[in-house]
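protein-v5.tsv (TSV, C-alpha atoms and all ligand atoms)
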chain	number	residue	atom	x	y	z
A	1	MET	CA	-87.81	50.29	148.65
A	2	ALA	CA	-85.87	53.30	147.35
A	3	SER	CA	-87.89	56.44	147.96
A	4	LYS	CA	-88.55	58.77	145.09
A	5	HIS	CA	-86.39	61.83	144.78
A	6	LYS	CA	-88.29	65.09	145.28
A	7	THR	CA	-87.61	66.20	141.70
A	8	ASP	CA	-88.31	62.88	139.94
A	9	PHE	CA	-91.57	64.39	138.71
A	10	VAL	CA	-89.59	66.75	136.45
A	11	LYS	CA	-88.07	63.92	134.40
A	12	GLU	CA	-91.41	62.09	134.42
A	13	SER	CA	-93.30	65.15	133.16
A	14	LEU	CA	-90.78	65.76	130.40
A	15	ALA	CA	-90.78	62.09	129.38
A	16	SER	CA	-94.57	62.13	129.21
A	17	LEU	CA	-94.51	65.23	126.97
A	18	GLU	CA	-91.93	63.55	124.69
A	19	LYS	CA	-94.04	60.41	124.50
A	20	SER	CA	-97.13	62.31	123.38
A	21	ASP	CA	-95.17	64.47	120.87
A	22	LEU	CA	-95.87	67.58	122.91
A	23	TYR	CA	-92.33	68.37	124.08
A	24	ARG	CA	-91.28	71.89	123.09
A	25	ARG	CA	-87.77	73.10	122.38
A	26	MET	CA	-86.65	76.58	121.39
A	27	ARG	CA	-84.68	77.42	118.29
A	28	THR	CA	-82.49	80.51	118.15
A	29	VAL	CA	-83.95	83.02	115.72
A	30	VAL	CA	-82.39	86.21	114.36
A	31	VAL	CA	-85.02	88.04	112.34
A	32	LYS	CA	-83.96	89.79	109.13
A	33	GLY	CA	-87.34	91.07	107.92
A	34	PRO	CA	-88.93	88.48	105.61
A	35	THR	CA	-86.22	85.94	106.41
A	36	ALA	CA	-84.51	84.80	109.60
A	37	LEU	CA	-81.46	82.91	110.75
A	38	VAL	CA	-82.97	79.87	112.45
A	39	ASP	CA	-80.35	77.99	114.46
A	40	GLY	CA	-77.85	79.73	112.20
A	41	ASN	CA	-79.48	78.79	108.88
A	42	GLU	CA	-81.26	81.30	106.64
A	43	ALA	CA	-84.96	80.62	106.06
A	44	VAL	CA	-88.08	82.39	104.81
A	45	HIS	CA	-89.73	83.58	108.02
A	46	LEU	CA	-93.39	82.56	108.24
A	47	CYS	CA	-93.83	82.90	112.02
A	48	SER	CA	-93.77	86.64	112.63
A	49	ASN	CA	-96.60	88.70	114.11
A	50	ASP	CA	-94.94	91.84	112.74
A	51	TYR	CA	-97.65	91.86	110.07
A	52	LEU	CA	-96.78	95.27	108.63
A	53	GLY	CA	-93.02	95.09	109.15
A	54	LEU	CA	-93.02	98.17	111.38
A	55	SER	CA	-90.63	96.65	113.92
A	56	GLN	CA	-87.98	96.93	111.19
A	57	ASN	CA	-88.94	100.45	110.11
A	58	LYS	CA	-85.95	102.83	110.18
A	59	GLN	CA	-87.95	105.84	111.36
A	60	VAL	CA	-89.49	103.88	114.23
A	61	ILE	CA	-86.08	102.58	115.28
A	62	LYS	CA	-84.53	106.07	115.04
A	63	GLU	CA	-87.24	107.62	117.25
A	64	ALA	CA	-86.89	104.82	119.78
A	65	ILE	CA	-83.12	105.34	119.95
A	66	GLU	CA	-83.42	109.12	120.22
A	67	SER	CA	-85.85	108.87	123.12
A	68	LEU	CA	-83.60	106.39	124.94
A	69	GLN	CA	-82.42	108.38	127.98
A	70	GLU	CA	-82.82	105.50	130.44
A	71	ILE	CA	-83.44	101.77	129.87
A	72	SER	CA	-86.61	101.87	131.93
A	73	GLN	CA	-88.33	104.09	134.49
A	74	CYS	CA	-87.68	101.26	136.99
A	75	SER	CA	-90.97	101.99	138.69
A	76	SER	CA	-94.64	101.22	138.40
A	77	ARG	CA	-97.03	103.81	136.93
A	78	LEU	CA	-98.62	104.69	140.27
A	79	ILE	CA	-95.24	105.29	141.94
A	80	ALA	CA	-92.85	107.12	139.58
A	81	GLY	CA	-93.17	105.43	136.19
A	82	ASN	CA	-95.91	107.55	134.60
A	83	HIS	CA	-93.82	109.37	131.96
A	84	PRO	CA	-95.66	111.88	129.71
A	85	GLU	CA	-94.80	109.70	126.68
A	86	ILE	CA	-97.05	106.91	128.06
A	87	THR	CA	-99.98	109.26	128.56
A	88	LYS	CA	-99.44	110.64	125.05
A	89	LEU	CA	-99.49	107.09	123.69
A	90	GLU	CA	-102.69	106.35	125.63
A	91	GLU	CA	-104.41	109.39	124.14
A	92	MET	CA	-103.43	108.23	120.66
A	93	LEU	CA	-104.67	104.69	121.36
A	94	ALA	CA	-108.02	105.98	122.65
A	95	ASP	CA	-108.38	108.10	119.54
A	96	HIS	CA	-107.39	105.09	117.41
A	97	ARG	CA	-110.13	102.84	118.91
A	98	LYS	CA	-112.61	105.73	119.22
A	99	THR	CA	-113.01	105.28	122.98
A	100	GLU	CA	-112.91	107.81	125.81
A	101	SER	CA	-109.60	106.53	127.15
A	102	ALA	CA	-106.94	103.84	127.04
A	103	LEU	CA	-104.57	102.25	129.53
A	104	VAL	CA	-101.22	100.74	128.58
A	105	TYR	CA	-100.02	97.48	130.14
A	106	PRO	CA	-96.53	95.94	129.82
A	107	THR	CA	-97.88	93.23	127.48
A	108	GLY	CA	-101.10	92.09	125.85
A	109	TYR	CA	-101.04	89.07	128.17
A	110	ALA	CA	-101.03	91.37	131.20
A	111	ALA	CA	-103.78	93.52	129.66
A	112	ASN	CA	-106.08	90.49	129.42
A	113	LEU	CA	-105.33	89.35	132.97
A	114	GLY	CA	-105.64	92.88	134.30
A	115	ALA	CA	-108.87	93.85	132.61
A	116	VAL	CA	-110.76	90.60	133.16
A	117	THR	CA	-109.78	90.18	136.81
A	118	ALA	CA	-110.72	93.81	137.54
A	119	ILE	CA	-114.25	93.56	136.17
A	120	ALA	CA	-115.13	89.92	136.91
A	121	ASP	CA	-115.40	88.42	140.39
A	122	LYS	CA	-116.67	85.21	141.91
A	123	ARG	CA	-120.29	86.34	141.59
A	124	SER	CA	-119.87	87.02	137.84
A	125	THR	CA	-120.26	84.66	134.91
A	126	ILE	CA	-117.88	84.87	131.96
A	127	PHE	CA	-118.83	83.45	128.55
A	128	SER	CA	-115.68	82.70	126.59
A	129	ASP	CA	-115.28	81.46	122.99
A	130	GLU	CA	-113.71	77.99	122.99
A	131	LEU	CA	-110.86	79.15	120.75
A	132	ASN	CA	-109.86	82.12	122.89
A	133	HIS	CA	-106.16	82.70	123.50
A	134	ALA	CA	-104.40	81.27	126.56
A	135	SER	CA	-104.13	84.74	128.13
A	136	ILE	CA	-107.94	85.02	128.10
A	137	ILE	CA	-108.33	81.52	129.52
A	138	ASP	CA	-105.87	82.35	132.30
A	139	ALA	CA	-107.63	85.66	132.96
A	140	CYS	CA	-111.01	83.92	133.28
A	141	ARG	CA	-109.58	81.33	135.68
A	142	MET	CA	-107.80	83.96	137.75
A	143	SER	CA	-110.95	86.06	138.14
A	144	GLY	CA	-112.65	83.30	140.19
A	145	SER	CA	-115.82	83.77	138.09
A	146	THR	CA	-117.98	80.96	136.81
A	147	VAL	CA	-116.70	80.37	133.28
A	148	LYS	CA	-118.95	79.05	130.53
A	149	VAL	CA	-117.24	78.20	127.27
A	150	PHE	CA	-119.35	78.59	124.12
A	151	ARG	CA	-118.65	76.73	120.89
A	152	HIS	CA	-116.50	78.73	118.50
A	153	ASN	CA	-118.49	81.68	117.13
A	154	ASP	CA	-121.75	79.85	117.94
A	155	THR	CA	-124.20	82.52	119.08
A	156	ASP	CA	-127.07	80.02	119.54
A	157	HIS	CA	-124.91	78.20	122.05
A	158	LEU	CA	-123.97	81.51	123.71
A	159	GLU	CA	-127.65	82.46	123.89
A	160	ASN	CA	-128.54	79.10	125.48
A	161	LEU	CA	-125.81	79.50	128.08
A	162	ILE	CA	-126.52	83.12	128.94
A	163	LYS	CA	-130.30	83.18	129.06
A	164	HIS	CA	-130.76	81.69	132.54
A	165	ILE	CA	-127.87	83.48	134.20
A	166	HIS	CA	-128.37	86.34	136.64
A	167	GLY	CA	-125.79	88.74	138.02
A	168	ARG	CA	-122.87	90.30	136.16
A	169	LYS	CA	-122.36	88.74	132.73
A	170	ILE	CA	-119.25	89.18	130.61
A	171	VAL	CA	-118.74	87.87	127.08
A	172	ILE	CA	-115.19	87.67	125.78
A	173	THR	CA	-113.95	86.83	122.31
A	174	GLU	CA	-111.08	87.59	119.97
A	175	GLY	CA	-111.22	89.87	116.91
A	176	ILE	CA	-109.11	87.67	114.61
A	177	PHE	CA	-108.50	84.28	116.21
A	178	SER	CA	-104.80	83.82	116.81
A	179	MET	CA	-104.44	80.19	115.72
A	180	ASP	CA	-107.18	80.02	113.07
A	181	GLY	CA	-107.14	83.44	111.41
A	182	ASP	CA	-110.93	83.73	111.19
A	183	ALA	CA	-112.90	86.69	112.51
A	184	SER	CA	-115.29	86.75	115.42
A	185	ARG	CA	-119.01	87.00	114.57
A	186	LEU	CA	-119.17	90.19	116.58
A	187	PRO	CA	-122.44	91.69	115.26
A	188	GLU	CA	-124.35	88.54	116.27
A	189	ILE	CA	-122.46	88.33	119.58
A	190	CYS	CA	-123.26	91.97	120.33
A	191	THR	CA	-126.95	91.32	119.66
A	192	VAL	CA	-126.86	88.64	122.37
A	193	THR	CA	-124.84	90.77	124.82
A	194	LYS	CA	-127.21	93.70	124.32
A	195	GLU	CA	-130.29	91.56	124.90
A	196	HIS	CA	-128.82	90.07	128.08
A	197	ASP	CA	-127.14	93.24	129.33
A	198	ALA	CA	-123.70	91.64	129.26
A	199	ILE	CA	-120.33	93.41	129.12
A	200	THR	CA	-118.53	92.70	125.82
A	201	ILE	CA	-114.75	92.36	125.66
A	202	VAL	CA	-112.79	91.86	122.44
A	203	ASP	CA	-109.13	90.93	122.35
A	204	ASP	CA	-108.20	92.27	118.92
A	205	ALA	CA	-104.45	91.60	119.08
A	206	HIS	CA	-104.38	90.27	115.50
A	207	GLY	CA	-106.89	92.60	113.82
A	208	ASP	CA	-105.57	95.81	115.34
A	209	PHE	CA	-103.78	98.09	112.85
A	210	VAL	CA	-104.28	95.46	110.15
A	211	THR	CA	-107.94	95.73	109.23
A	212	GLY	CA	-111.04	97.93	109.47
A	213	PRO	CA	-111.69	101.58	108.69
A	214	ASN	CA	-108.65	103.59	109.73
A	215	PHE	CA	-107.14	100.19	110.62
A	216	ALA	CA	-108.92	100.31	113.98
A	217	GLY	CA	-109.53	96.57	113.96
A	218	ILE	CA	-112.46	94.18	113.92
A	219	PRO	CA	-115.12	96.06	115.95
A	220	ALA	CA	-114.70	99.07	113.63
A	221	LYS	CA	-114.72	96.81	110.58
A	222	LEU	CA	-117.94	95.10	111.66
A	223	GLY	CA	-119.50	98.34	112.90
A	224	VAL	CA	-120.12	97.35	116.53
A	225	ASP	CA	-119.52	99.01	119.88
A	226	VAL	CA	-117.87	96.92	122.56
A	227	ASP	CA	-117.17	97.78	126.20
A	228	LEU	CA	-113.48	96.90	126.35
A	229	HIS	CA	-111.01	96.63	123.50
A	230	ILE	CA	-107.88	94.72	124.45
A	231	SER	CA	-104.86	94.56	122.20
A	232	SER	CA	-101.14	93.98	121.87
A	233	MET	CA	-98.75	96.46	120.29
A	234	SER	CA	-96.30	93.69	119.35
A	235	LYS	CA	-98.24	92.49	116.31
A	236	GLY	CA	-99.71	94.86	113.68
A	237	LEU	CA	-97.93	97.83	115.22
A	238	GLY	CA	-94.58	96.04	115.33
A	239	CYS	CA	-93.75	97.46	118.76
A	240	PHE	CA	-94.25	96.19	122.31
A	241	GLY	CA	-96.81	96.34	125.11
A	242	GLY	CA	-100.53	95.86	125.55
A	243	TYR	CA	-103.48	98.16	126.11
A	244	VAL	CA	-107.14	98.36	127.08
A	245	ALA	CA	-109.32	101.01	125.40
A	246	THR	CA	-112.56	101.77	127.19
A	247	THR	CA	-114.57	104.39	129.11
A	248	LYS	CA	-112.97	106.77	131.61
A	249	PRO	CA	-114.67	105.18	134.66
A	250	LEU	CA	-113.55	101.71	133.57
A	251	ARG	CA	-110.00	102.99	133.06
A	252	ASP	CA	-110.14	104.43	136.57
A	253	LEU	CA	-111.29	101.11	137.94
A	254	LEU	CA	-108.35	99.36	136.23
A	255	ILE	CA	-105.87	101.90	137.63
A	256	ASN	CA	-107.27	101.32	141.11
A	257	THR	CA	-107.84	97.57	141.17
A	258	SER	CA	-105.99	95.82	138.36
A	259	ARG	CA	-103.04	94.09	139.99
A	260	GLN	CA	-101.27	93.51	136.64
A	261	PHE	CA	-101.28	97.28	136.23
A	262	ILE	CA	-100.48	98.34	139.81
A	263	TYR	CA	-97.75	95.89	140.77
A	264	THR	CA	-95.48	95.95	137.73
A	265	SER	CA	-93.02	98.37	136.13
A	266	ALA	CA	-94.22	100.85	133.53
A	267	LEU	CA	-93.65	100.29	129.81
A	268	PRO	CA	-90.22	101.85	129.01
A	269	VAL	CA	-90.37	105.28	127.37
A	270	HIS	CA	-88.48	104.30	124.20
A	271	LEU	CA	-91.09	101.61	123.53
A	272	CYS	CA	-93.84	104.23	123.91
A	273	SER	CA	-91.97	106.49	121.45
A	274	ALA	CA	-91.69	103.59	119.00
A	275	ALA	CA	-95.46	103.00	119.15
A	276	ILE	CA	-96.21	106.73	118.82
A	277	THR	CA	-94.05	106.84	115.67
A	278	ALA	CA	-95.40	103.59	114.24
A	279	MET	CA	-99.07	104.50	114.57
A	280	PRO	CA	-99.34	107.08	111.75
A	281	LEU	CA	-97.21	104.79	109.55
A	282	ALA	CA	-99.65	101.93	110.17
A	283	LYS	CA	-102.54	104.16	109.16
A	284	LYS	CA	-101.22	105.05	105.70
A	285	GLY	CA	-102.66	101.82	104.34
A	286	ASN	CA	-99.93	100.92	101.83
A	287	LEU	CA	-98.59	98.11	104.04
A	288	GLN	CA	-102.01	96.51	104.48
A	289	LYS	CA	-102.45	96.55	100.67
A	290	LYS	CA	-99.19	94.68	100.21
A	291	LEU	CA	-100.14	92.26	102.99
A	292	GLN	CA	-103.49	91.52	101.33
A	293	LYS	CA	-101.73	90.83	98.03
A	294	ASN	CA	-99.49	88.34	99.84
A	295	ILE	CA	-102.48	86.69	101.56
A	296	ASP	CA	-104.28	86.25	98.23
A	297	HIS	CA	-101.21	84.88	96.46
A	298	PHE	CA	-100.28	82.40	99.19
A	299	SER	CA	-103.79	81.13	100.02
A	300	THR	CA	-104.80	80.66	96.40
A	301	ALA	CA	-101.67	78.63	95.63
A	302	MET	CA	-101.86	76.54	98.79
A	303	LYS	CA	-105.53	75.66	98.24
A	304	ARG	CA	-104.83	74.77	94.61
A	305	ILE	CA	-102.08	72.40	95.73
A	306	GLY	CA	-104.58	70.71	98.05
A	307	PHE	CA	-103.87	72.01	101.56
A	308	THR	CA	-106.68	72.66	104.03
A	309	LEU	CA	-106.42	76.17	105.43
A	310	GLY	CA	-109.40	76.24	107.81
A	311	ASP	CA	-111.66	79.30	107.69
A	312	SER	CA	-108.92	81.91	107.70
A	313	THR	CA	-109.77	85.30	106.24
A	314	SER	CA	-106.61	87.02	107.40
A	315	GLN	CA	-102.81	87.00	107.45
A	316	ILE	CA	-102.88	84.09	109.92
A	317	ILE	CA	-103.14	80.97	107.78
A	318	PRO	CA	-103.34	77.59	109.54
A	319	VAL	CA	-102.06	74.78	107.33
A	320	MET	CA	-103.92	71.88	108.90
A	321	ILE	CA	-101.95	68.69	109.55
A	322	GLY	CA	-103.76	66.78	112.33
A	323	GLN	CA	-101.42	64.62	114.38
A	324	GLU	CA	-98.87	66.32	116.59
A	325	ARG	CA	-95.86	64.28	115.43
A	326	ALA	CA	-96.76	64.79	111.76
A	327	ALA	CA	-96.89	68.56	112.30
A	328	VAL	CA	-93.47	68.60	113.97
A	329	GLU	CA	-91.99	66.43	111.19
A	330	PHE	CA	-93.55	68.65	108.55
A	331	SER	CA	-92.04	71.74	110.17
A	332	LYS	CA	-88.61	70.06	110.17
A	333	GLU	CA	-88.94	69.11	106.47
A	334	LEU	CA	-89.68	72.75	105.67
A	335	LEU	CA	-86.77	74.05	107.70
A	336	ASN	CA	-84.41	71.65	105.92
A	337	VAL	CA	-85.22	73.48	102.68
A	338	GLY	CA	-85.12	76.99	104.15
A	339	VAL	CA	-88.71	77.69	105.25
A	340	PHE	CA	-89.53	78.46	108.88
A	341	ALA	CA	-93.12	77.65	109.92
A	342	GLN	CA	-93.73	76.50	113.49
A	343	ALA	CA	-95.88	73.52	114.36
A	344	VAL	CA	-98.66	74.50	116.76
A	345	ARG	CA	-99.89	71.70	118.99
A	346	TYR	CA	-102.00	70.98	122.08
A	347	PRO	CA	-102.61	72.72	124.46
A	348	THR	CA	-102.40	75.78	122.16
A	349	VAL	CA	-104.91	74.04	119.86
A	350	ARG	CA	-107.10	70.96	120.32
A	351	LYS	CA	-105.44	67.51	120.33
A	352	GLY	CA	-105.38	66.07	116.82
A	353	SER	CA	-105.71	69.51	115.20
A	354	ALA	CA	-102.01	70.32	115.02
A	355	ARG	CA	-101.07	72.72	112.27
A	356	LEU	CA	-98.39	74.93	110.83
A	357	ARG	CA	-99.40	78.46	111.74
A	358	VAL	CA	-98.24	80.55	108.81
A	359	SER	CA	-98.30	84.29	109.34
A	360	LEU	CA	-97.70	86.52	106.37
A	361	THR	CA	-96.32	90.03	106.50
A	362	ALA	CA	-96.02	93.03	104.23
A	363	MET	CA	-92.26	92.39	104.18
A	364	HIS	CA	-92.60	89.20	102.13
A	365	GLU	CA	-91.97	89.53	98.42
A	366	GLN	CA	-93.55	87.12	95.98
A	367	LYS	CA	-90.22	85.28	95.66
A	368	HIS	CA	-90.31	84.43	99.40
A	369	LEU	CA	-93.86	83.14	99.12
A	370	ASP	CA	-93.04	81.07	96.04
A	371	VAL	CA	-90.13	79.42	97.83
A	372	ALA	CA	-92.48	78.65	100.73
A	373	ILE	CA	-95.26	77.32	98.49
A	374	GLY	CA	-92.77	75.07	96.65
A	375	ALA	CA	-91.42	73.74	99.94
A	376	PHE	CA	-94.91	73.06	101.30
A	377	GLU	CA	-95.85	71.17	98.15
A	378	LYS	CA	-92.73	69.01	98.28
A	379	ALA	CA	-93.07	68.26	102.00
A	380	GLY	CA	-96.83	67.68	101.63
A	381	LYS	CA	-96.28	65.04	98.95
A	382	LYS	CA	-93.40	63.41	100.83
A	383	THR	CA	-95.42	63.11	104.07
A	384	GLY	CA	-98.69	62.17	102.38
A	385	ILE	CA	-100.54	65.22	103.71
A	386	ILE	CA	-101.63	66.13	100.15
B	1	LIG	C1	-105.07	86.92	120.99
B	1	LIG	C2	-103.86	87.29	121.79
B	1	LIG	N1	-104.01	88.03	122.88
B	1	LIG	C3	-102.95	88.41	123.63
B	1	LIG	C4	-101.68	88.03	123.29
B	1	LIG	C5	-100.53	88.45	124.14
B	1	LIG	O1	-99.93	89.61	123.64
B	1	LIG	P1	-98.45	89.98	124.06
B	1	LIG	O2	-97.54	89.19	123.20
B	1	LIG	O3	-98.36	91.46	123.86
B	1	LIG	O4	-98.33	89.61	125.51
B	1	LIG	C6	-101.47	87.26	122.16
B	1	LIG	C7	-100.10	86.85	121.78
B	1	LIG	O5	-99.79	86.06	121.00
B	1	LIG	C8	-102.59	86.87	121.39
B	1	LIG	O6	-102.44	86.10	120.30
Exercise: express the given structure as structure tokens:
Amino acid sequence: MASKHKTDFVKESLASLEKSDLYRRMRTVVVKGPTALVDGNEAVHLCSNDYLGLSQNKQVIKEAIESLQEISQCSSRLIAGNHPEITKLEEMLADHRKTESALVYPTGYAANLGAVTAIADKRSTIFSDELNHASIIDACRMSGSTVKVFRHNDTDHLENLIKHIHGRKIVITEGIFSMDGDASRLPEICTVTKEHDAITIVDDAHGDFVTGPNFAGIPAKLGVDVDLHISSMSKGLGCFGGYVATTKPLRDLLINTSRQFIYTSALPVHLCSAAITAMPLAKKGNLQKKLQKNIDHFSTAMKRIGFTLGDSTSQIIPVMIGQERAAVEFSKELLNVGVFAQAVRYPTVRKGSARLRVSLTAMHEQKHLDVAIGAFEKAGKKTGII
């Protein structure tokens, strides 16, 4: 009998993904603000997390270029990478989230891994919302803690899970959920965490700079104090990198024990300068007003046509399709008529709850949205989704 080749599993894994409509392939994308060249063809861009359009802002780009003296510090923060521009950015981020301090990580993904693994160990229990982002799921697994997943935004379930647990307890949720666009029920969650003396962590990657008083995100909007704010600067701020905003002792603990902070190169200075320049622009509020106008226009039209948009209250609008193959086909139909909306499938979302994750930005004009709405209606009728 012919023995199996050592890499046969690769073909088998890929074939299995193809068979279950879960195979992923990348398109080339050149972003041009509200539109993009997708595999060389111009389309309305409905997949960007650059919610305010600040990644395209001329002043931000100019400051980034002017501060570009070296591509990167080529060193970790604790060795020789701790440029004054990073510490300036951290002071601004702490002020932004109204915390004592902040610590920048190379990405939001690393910030989640770094913060959770530094505060949770194998004697701790983490309570995690079932719809939390993959970076939170990975962080929980990596910490070695016992992980208890509570039903989405269900504080009764959280209460039932937490009430018999002793030892260090950590509750982690998102601000605006990345694939559903709804907000966390933070006031109710904080009531439970307070009662059970649990540490509260919020990953506010999608609410940060977009919502709340002074655009400080969901905890500020809902008027609650949390122990650790985690966020990404590559969404509302239109820049790059992640951060944790928290108390000074917790920041010290992260600097001393968080492997994703210690053993990686520092965020390049020009990216810090970009974020420093973008922050006051994000706080003017004009971009959020335009974004809200776009959200209202798009959601109203899509609901009227007959699409199901979940419980979204934000710029992330899931157009629910269901089956994985149908979502991929729908996305292709849209692209054929110049609209780029990615199909999101398992394991990013539950099996059978595939969707087109539309994200709106302040860069879209009504004409872009109307093209998109028209294309959705046509594809929806053709595929029988509406
Ligand atoms: C909720 C959430 N957290 C963290 C991240 C990771 O952020 P970054 O892209 O900066 O690594 C994402 C990215 O999509 C996200 O949606």
Spatial neighbours of A:Arg77, 9 Å, only C-alpha atoms, chain gap at least 2 places, as a list in words: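 What passes the distance filter is Ser75, Ile79, Ala80, Gly81, Asn82, His83, Phe261, Ile262, Tyr263, Thr264, Ser265, Ala266 and Leu267 of chain A.
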Output as AutoDock Vina command-line options the centre and edge lengths (Å, one decimal) of the box along x, y and z of the file that holds every listed atom of stretch 342-348 of chain A after adding 3 Å on each side.
--center_x -98.2 --center_y 73.7 --center_z 119.0 --size_x 14.9 --size_y 11.5 --size_z 17.0
Neighbouring residues of A:Asp182 were defined as those with any atom within 8 Å, considering all atoms listed in the file; residues of the same chain fewer than 4 positions away were excluded. Please report them as a PyMOL selection string. chain A and resi 176-177+311-314
Would you tabulate, counting all atoms listed in the file, all residues of chain A that have an atom at most 7 Å from an atom of ligand LIG 1 (chain B), showing the closest pair of atoms and their distance in Å to one decimal, sorted by chain then ascending number, as JSON lines?
{"residue": "A:Thr107", "atom": "CA", "partner": "B:LIG1", "partner_atom": "O3", "distance": 4.1}
{"residue": "A:Gly108", "atom": "CA", "partner": "B:LIG1", "partner_atom": "O3", "distance": 3.4}
{"residue": "A:Tyr109", "atom": "CA", "partner": "B:LIG1", "partner_atom": "O4", "distance": 3.8}
{"residue": "A:Ala110", "atom": "CA", "partner": "B:LIG1", "partner_atom": "O4", "distance": 6.5}
{"residue": "A:Asn112", "atom": "CA", "partner": "B:LIG1", "partner_atom": "C3", "distance": 6.9}
{"residue": "A:His133", "atom": "CA", "partner": "B:LIG1", "partner_atom": "C1", "distance": 5.0}
{"residue": "A:Ser135", "atom": "CA", "partner": "B:LIG1", "partner_atom": "C3", "distance": 5.9}
{"residue": "A:Glu174", "atom": "CA", "partner": "B:LIG1", "partner_atom": "C1", "distance": 6.1}
{"residue": "A:Phe177", "atom": "CA", "partner": "B:LIG1", "partner_atom": "C1", "distance": 6.4}
{"residue": "A:Ser178", "atom": "CA", "partner": "B:LIG1", "partner_atom": "O6", "distance": 4.8}
{"residue": "A:Asp203", "atom": "CA", "partner": "B:LIG1", "partner_atom": "C1", "distance": 5.9}
{"residue": "A:Asp204", "atom": "CA", "partner": "B:LIG1", "partner_atom": "C1", "distance": 6.5}
{"residue": "A:Ala205", "atom": "CA", "partner": "B:LIG1", "partner_atom": "C1", "distance": 5.1}
{"residue": "A:His206", "atom": "CA", "partner": "B:LIG1", "partner_atom": "C1", "distance": 6.5}
{"residue": "A:Ser231", "atom": "CA", "partner": "B:LIG1", "partner_atom": "C3", "distance": 6.6}
{"residue": "A:Ser232", "atom": "CA", "partner": "B:LIG1", "partner_atom": "O3", "distance": 4.2}
{"residue": "A:Met233", "atom": "CA", "partner": "B:LIG1", "partner_atom": "O3", "distance": 6.2}
{"residue": "A:Ser234", "atom": "CA", "partner": "B:LIG1", "partner_atom": "O3", "distance": 5.4}
{"residue": "A:Phe240", "atom": "CA", "partner": "B:LIG1", "partner_atom": "O3", "distance": 6.5}
{"residue": "A:Gly241", "atom": "CA", "partner": "B:LIG1", "partner_atom": "O3", "distance": 5.3}
{"residue": "A:Gly242", "atom": "CA", "partner": "B:LIG1", "partner_atom": "O3", "distance": 5.2}
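Reported to one decimal place, the separation of atom CA of A:Ala375 from atom CA of A:Ile321 is 15.1 Å.
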Within 10 Å of (-94.6, 106.9, 119.7), all atoms listed in the file: residues as a list of chain:residue names? A:Val60, A:Glu63, A:Ala64, A:Ser67, A:Glu85, A:Ile86, A:Lys88, A:Leu89, A:Met92, A:Cys239, A:Val269, A:His270, A:Leu271, A:Cys272, A:Ser273, A:Ala274, A:Ala275, A:Ile276, A:Thr277, A:Ala278, A:Met279, A:Pro280
So which one's closest to A:Ile218, A:His196, A:Lys32, A:Lys351, A:Arg185? Using all atoms listed in the file, please.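 The shortest atom-to-atom distance to A:Ile218 comes from A:Arg185.
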Could you tell me how far atom CA of A:Asn214 sits from atom CA of A:Ala282, in Å to one decimal place?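 Distance between the two atoms: 9.2 Å.
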Measure the distance from atom CA of A:Pro34 to atom CA of A:Gln56 in Å and round it to one decimal.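 Separation between atom CA of A:Pro34 and atom CA of A:Gln56: 10.2 Å.
Of the residues listed (A:Arg24, A:Lys283, A:His364, A:Lys332), A:His364 shows the shortest atom-to-atom separation from A:Asp50; distances use all atoms listed in the file.
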For A:Thr361, find every residue with an atom within 9 Å (counting all atoms listed in the file), except residues of its own chain fewer than 2 positions away, and show them as a short mmCIF file (atom, residue, chain, number, x, y, z; two decimals) with C-alpha atoms, in the coordinates of the input.
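Saved the output as out.cif:
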data_model
loop_
_atom_site.label_atom_id
_atom_site.label_comp_id
_atom_site.auth_asym_id
_atom_site.auth_seq_id
_atom_site.Cartn_x
_atom_site.Cartn_y
_atom_site.Cartn_z
CA PRO A 34 -88.93 88.48 105.61
CA LEU A 46 -93.39 82.56 108.24
CA SER A 48 -93.77 86.64 112.63
CA ASN A 49 -96.60 88.70 114.11
CA ASP A 50 -94.94 91.84 112.74
CA TYR A 51 -97.65 91.86 110.07
CA LEU A 52 -96.78 95.27 108.63
CA GLY A 53 -93.02 95.09 109.15
CA LEU A 287 -98.59 98.11 104.04
CA GLN A 288 -102.01 96.51 104.48
CA LYS A 290 -99.19 94.68 100.21
CA LEU A 291 -100.14 92.26 102.99
CA GLN A 292 -103.49 91.52 101.33
CA ASN A 294 -99.49 88.34 99.84
CA ILE A 295 -102.48 86.69 101.56
CA GLN A 315 -102.81 87.00 107.45
CA SER A 359 -98.30 84.29 109.34
CA MET A 363 -92.26 92.39 104.18
CA HIS A 364 -92.60 89.20 102.13
#
Could you pull the residues within 8 Å of stretch 333-338 of chain A, counting all atoms listed in the file, minus those fewer than 6 positions along the same chain, as a PyMOL selection string? chain A and resi 41-44+375-376+379
Which residue of A:Ile385, A:Val31, A:Leu103, A:Ile65 approaches A:Asn256 most closely, using all atoms listed in the file: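 Of all the options, A:Leu103 lies closest to A:Asn256.
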Just the residues within 12 Å of A:Arg27, please, counting all atoms listed in the file, with nothing from its chain fewer than 5 positions along; format it as number ranges by chain. A: 36-41, 332, 335, 340-342
